[in-house]
Amino acid sequence: MGLNSILKIFLPKDKVFFQLFENVGENVVKMAIKLKEVVHEKDIDKRKLLIKEIEDLEHVNDDYTHRIFTELGRNFITPFDREDIHYLATALDDICDYIHAATKKINFYKVNPDHPTFHKFAELILKSCTEVGKAVAELRDMKNLRKITDAMVAINSAENQADDLLDISIDELFETEPDAKEVIKKKEIYQVLEIVTDKSEDAANVIESIIIKYA
């Protein structure tokens with residue numbers, strides 16, 4: 001075996017991991033955009049089609065996540081800690097899972113999400129997911145640390161706003177919604193939507209750990 005062949009075995013597959021993470025980051029943003037479309041769509045049939053698109057994107061993300069884990073098992077040397085690769089892939093996958101879960105509940109419970117509370121949650125989720133996507137894209141070379149840290153701040157801010165929105169929205173539900181079943185259904189969806197921002201913050205924390213170690 002030649003020297004070049006030996007070196008290829010031990011060289012880290014940076015491009016493979018970074019490309020997969022960038023694909024996941026882009027997919028996260030696409031799902032957040034679709035979520036915003038769902039909560040603004042008044043037509044039930046059109047809304048169901050959008051929810052199906054979110055389900056398809058969630059399956060795409062599962063494939064990306066599986067490929068990351070496969071590469072993790074295949075490669076001896078990785079661009080950063082194996083644990084961090086696993087944590088980041090899991091956190092990003094969780095974001096997608098909870099966006100999908102929220103839209104499934106909207107569909108299953110037959111809740112009309114065309115309401116300011118749902119709109120605000122969708123805006124905060126899109127903001128946090130967009131910033132996650134930006135931060136993930138910067139991991140390839142870590143040259144623009146300011147861009148990453150700005151994204152971290154924005155993600156934390158969105159998560160804090162979502163926490164406050166959840167408290168206010170649940171209080172409003174109990175005050176204004178006369179149907180107990182509607183209270184239960186909407187409260188559950190609100191909680192799942194808030195978890196999306198929690199998972200975005202989890203991803204941000206992993207990215208922060210990576211840049212502290214390697215930047």
# chains A, B, ... in the order shown; residues from 1 in each chain; ligands from 1

$ residues_around --residues "Leu126 (chain A)" --least-positions-apart "5" --cutoff "8 Å" --atoms "only C-alpha atoms" --output "list of chain:residue names"
A:Val29, A:Ala32, A:Ile33, A:Lys36

$ residues_around --residues "region 87-99 of chain A" --least-positions-apart "2" --cutoff "6 Å" --atoms "only C-alpha atoms" --output "number ranges by chain"
A: 58, 84-85, 101-102, 196, 199, 203, 206

$ write_last_selection --atoms "C-alpha atoms" --output "JSON list (two decimals), in the first residue's frame"
[["chain", "number", "residue", "atom", "x", "y", "z"],
["A", 58, "GLU", "CA", -38.23, 15.12, 8.86],
["A", 84, "ASP", "CA", -19.67, 16.57, 20.21],
["A", 85, "ILE", "CA", -20.51, 15.23, 16.75],
["A", 101, "ALA", "CA", -44.53, 16.60, 16.34],
["A", 102, "ALA", "CA", -46.16, 20.03, 16.69],
["A", 196, "VAL", "CA", -38.32, 23.42, 19.63],
["A", 199, "LYS", "CA", -33.64, 22.07, 21.38],
["A", 203, "ALA", "CA", -27.63, 22.72, 19.61],
["A", 206, "VAL", "CA", -22.89, 22.08, 21.67]]

$ closest_residue --among "A:Leu139, A:Glu182, A:Thr197, A:Val192" --to "Ala162 (chain A)" --atoms "only C-alpha atoms"
A:Thr197

$ residues_around --residues "Asp81 (chain A)" --least-positions-apart "5" --cutoff "10 Å" --atoms "only C-alpha atoms" --output "ChimeraX atom specification"
/A:86-87,210,213-214

$ write_last_selection --atoms "N, CA and C atoms" --output "PDB file, in the first residue's frame"
ATOM      1  N   HIS A  86     -21.795  13.589  17.964  1.00  0.00           N
ATOM      2  CA  HIS A  86     -23.015  12.855  18.327  1.00  0.00           C
ATOM      3  C   HIS A  86     -24.032  13.783  18.972  1.00  0.00           C
ATOM      4  N   TYR A  87     -23.583  14.608  19.922  1.00  0.00           N
ATOM      5  CA  TYR A  87     -24.491  15.530  20.613  1.00  0.00           C
ATOM      6  C   TYR A  87     -25.129  16.520  19.638  1.00  0.00           C
ATOM      7  N   ILE A 210     -17.845  23.333  21.042  1.00  0.00           N
ATOM      8  CA  ILE A 210     -16.906  23.004  19.957  1.00  0.00           C
ATOM      9  C   ILE A 210     -15.963  24.175  19.678  1.00  0.00           C
ATOM     10  N   LYS A 213     -13.264  24.687  22.264  1.00  0.00           N
ATOM     11  CA  LYS A 213     -12.189  23.684  22.179  1.00  0.00           C
ATOM     12  C   LYS A 213     -11.278  23.891  20.974  1.00  0.00           C
ATOM     13  N   TYR A 214     -11.857  24.332  19.842  1.00  0.00           N
ATOM     14  CA  TYR A 214     -11.103  24.255  18.593  1.00  0.00           C
ATOM     15  C   TYR A 214     -10.846  25.583  17.890  1.00  0.00           C
TER      16      TYR A 214
END

$ closest_atom_pairs --of "region 91-196 of chain A" --to "region 20-24 of chain A" --cutoff "8 Å" --atoms "only C-alpha atoms" --output "JSON lines"
{"residue": "A:Leu92", "atom": "CA", "partner": "A:Val24", "partner_atom": "CA", "distance": 7.2}
{"residue": "A:Gly133", "atom": "CA", "partner": "A:Glu22", "partner_atom": "CA", "distance": 7.4}
{"residue": "A:Val136", "atom": "CA", "partner": "A:Glu22", "partner_atom": "CA", "distance": 6.2}
{"residue": "A:Ala137", "atom": "CA", "partner": "A:Glu22", "partner_atom": "CA", "distance": 5.6}

$ write_last_selection --atoms "N, CA and C atoms" --output "PDB file, in the first residue's frame"
ATOM      1  N   LEU A  92     -29.778  18.586  16.656  1.00  0.00           N
ATOM      2  CA  LEU A  92     -30.379  19.064  15.410  1.00  0.00           C
ATOM      3  C   LEU A  92     -31.552  18.175  15.001  1.00  0.00           C
ATOM      4  N   GLY A 133     -28.771  27.372  11.743  1.00  0.00           N
ATOM      5  CA  GLY A 133     -28.224  27.090  10.424  1.00  0.00           C
ATOM      6  C   GLY A 133     -26.975  27.896  10.135  1.00  0.00           C
ATOM      7  N   VAL A 136     -24.032  26.489  12.312  1.00  0.00           N
ATOM      8  CA  VAL A 136     -23.563  25.199  11.788  1.00  0.00           C
ATOM      9  C   VAL A 136     -22.695  25.410  10.545  1.00  0.00           C
ATOM     10  N   ALA A 137     -23.111  26.329   9.684  1.00  0.00           N
ATOM     11  CA  ALA A 137     -22.355  26.592   8.450  1.00  0.00           C
ATOM     12  C   ALA A 137     -20.965  27.138   8.738  1.00  0.00           C
TER      13      ALA A 137
END

$ atom_distance --atom1 "CA of Asn144 (chain A)" --atom2 "CA of Asp63 (chain A)"
29.0 Å

$ select_by_dssp --residues "region 101-173 of chain A" --states "helix (DSSP H, G or I)" --output "PyMOL selection string"
chain A and resi 101-108+116-140+145-173

$ closest_residue --among "A:Ile51, A:Leu166, A:Leu35, A:Ala135" --to "Phe108 (chain A)" --atoms "only C-alpha atoms"
A:Ile51

$ atom_distance --atom1 "CA of Asn27 (chain A)" --atom2 "CA of Tyr64 (chain A)"
9.6 Å

$ closest_residue --among "A:Thr176, A:Asn160, A:Ser169, A:Thr70" --to "Ile195 (chain A)" --atoms "only C-alpha atoms"
A:Asn160

$ atom_distance --atom1 "CA of Ala154 (chain A)" --atom2 "CA of Ala122 (chain A)"
15.2 Å

$ closest_residue --among "A:Asp179, A:Glu194, A:Asp150, A:Glu83" --to "Asp164 (chain A)" --atoms "only C-alpha atoms"
A:Glu194

$ residues_around --residues "Lys42 (chain A)" --least-positions-apart "6" --cutoff "12 Å" --atoms "only C-alpha atoms" --output "ChimeraX atom specification"
/A:48,50,111-115

$ residues_around --residues "Lys187 (chain A)" --least-positions-apart "3" --cutoff "10 Å" --atoms "only C-alpha atoms" --output "PyMOL selection string"
chain A and resi 166+169-171+173-174+181-184+190-193

$ closest_residue --among "A:Lys52, A:Arg67, A:Lys127, A:His40" --to "Ser200 (chain A)" --atoms "only C-alpha atoms"
A:Lys127
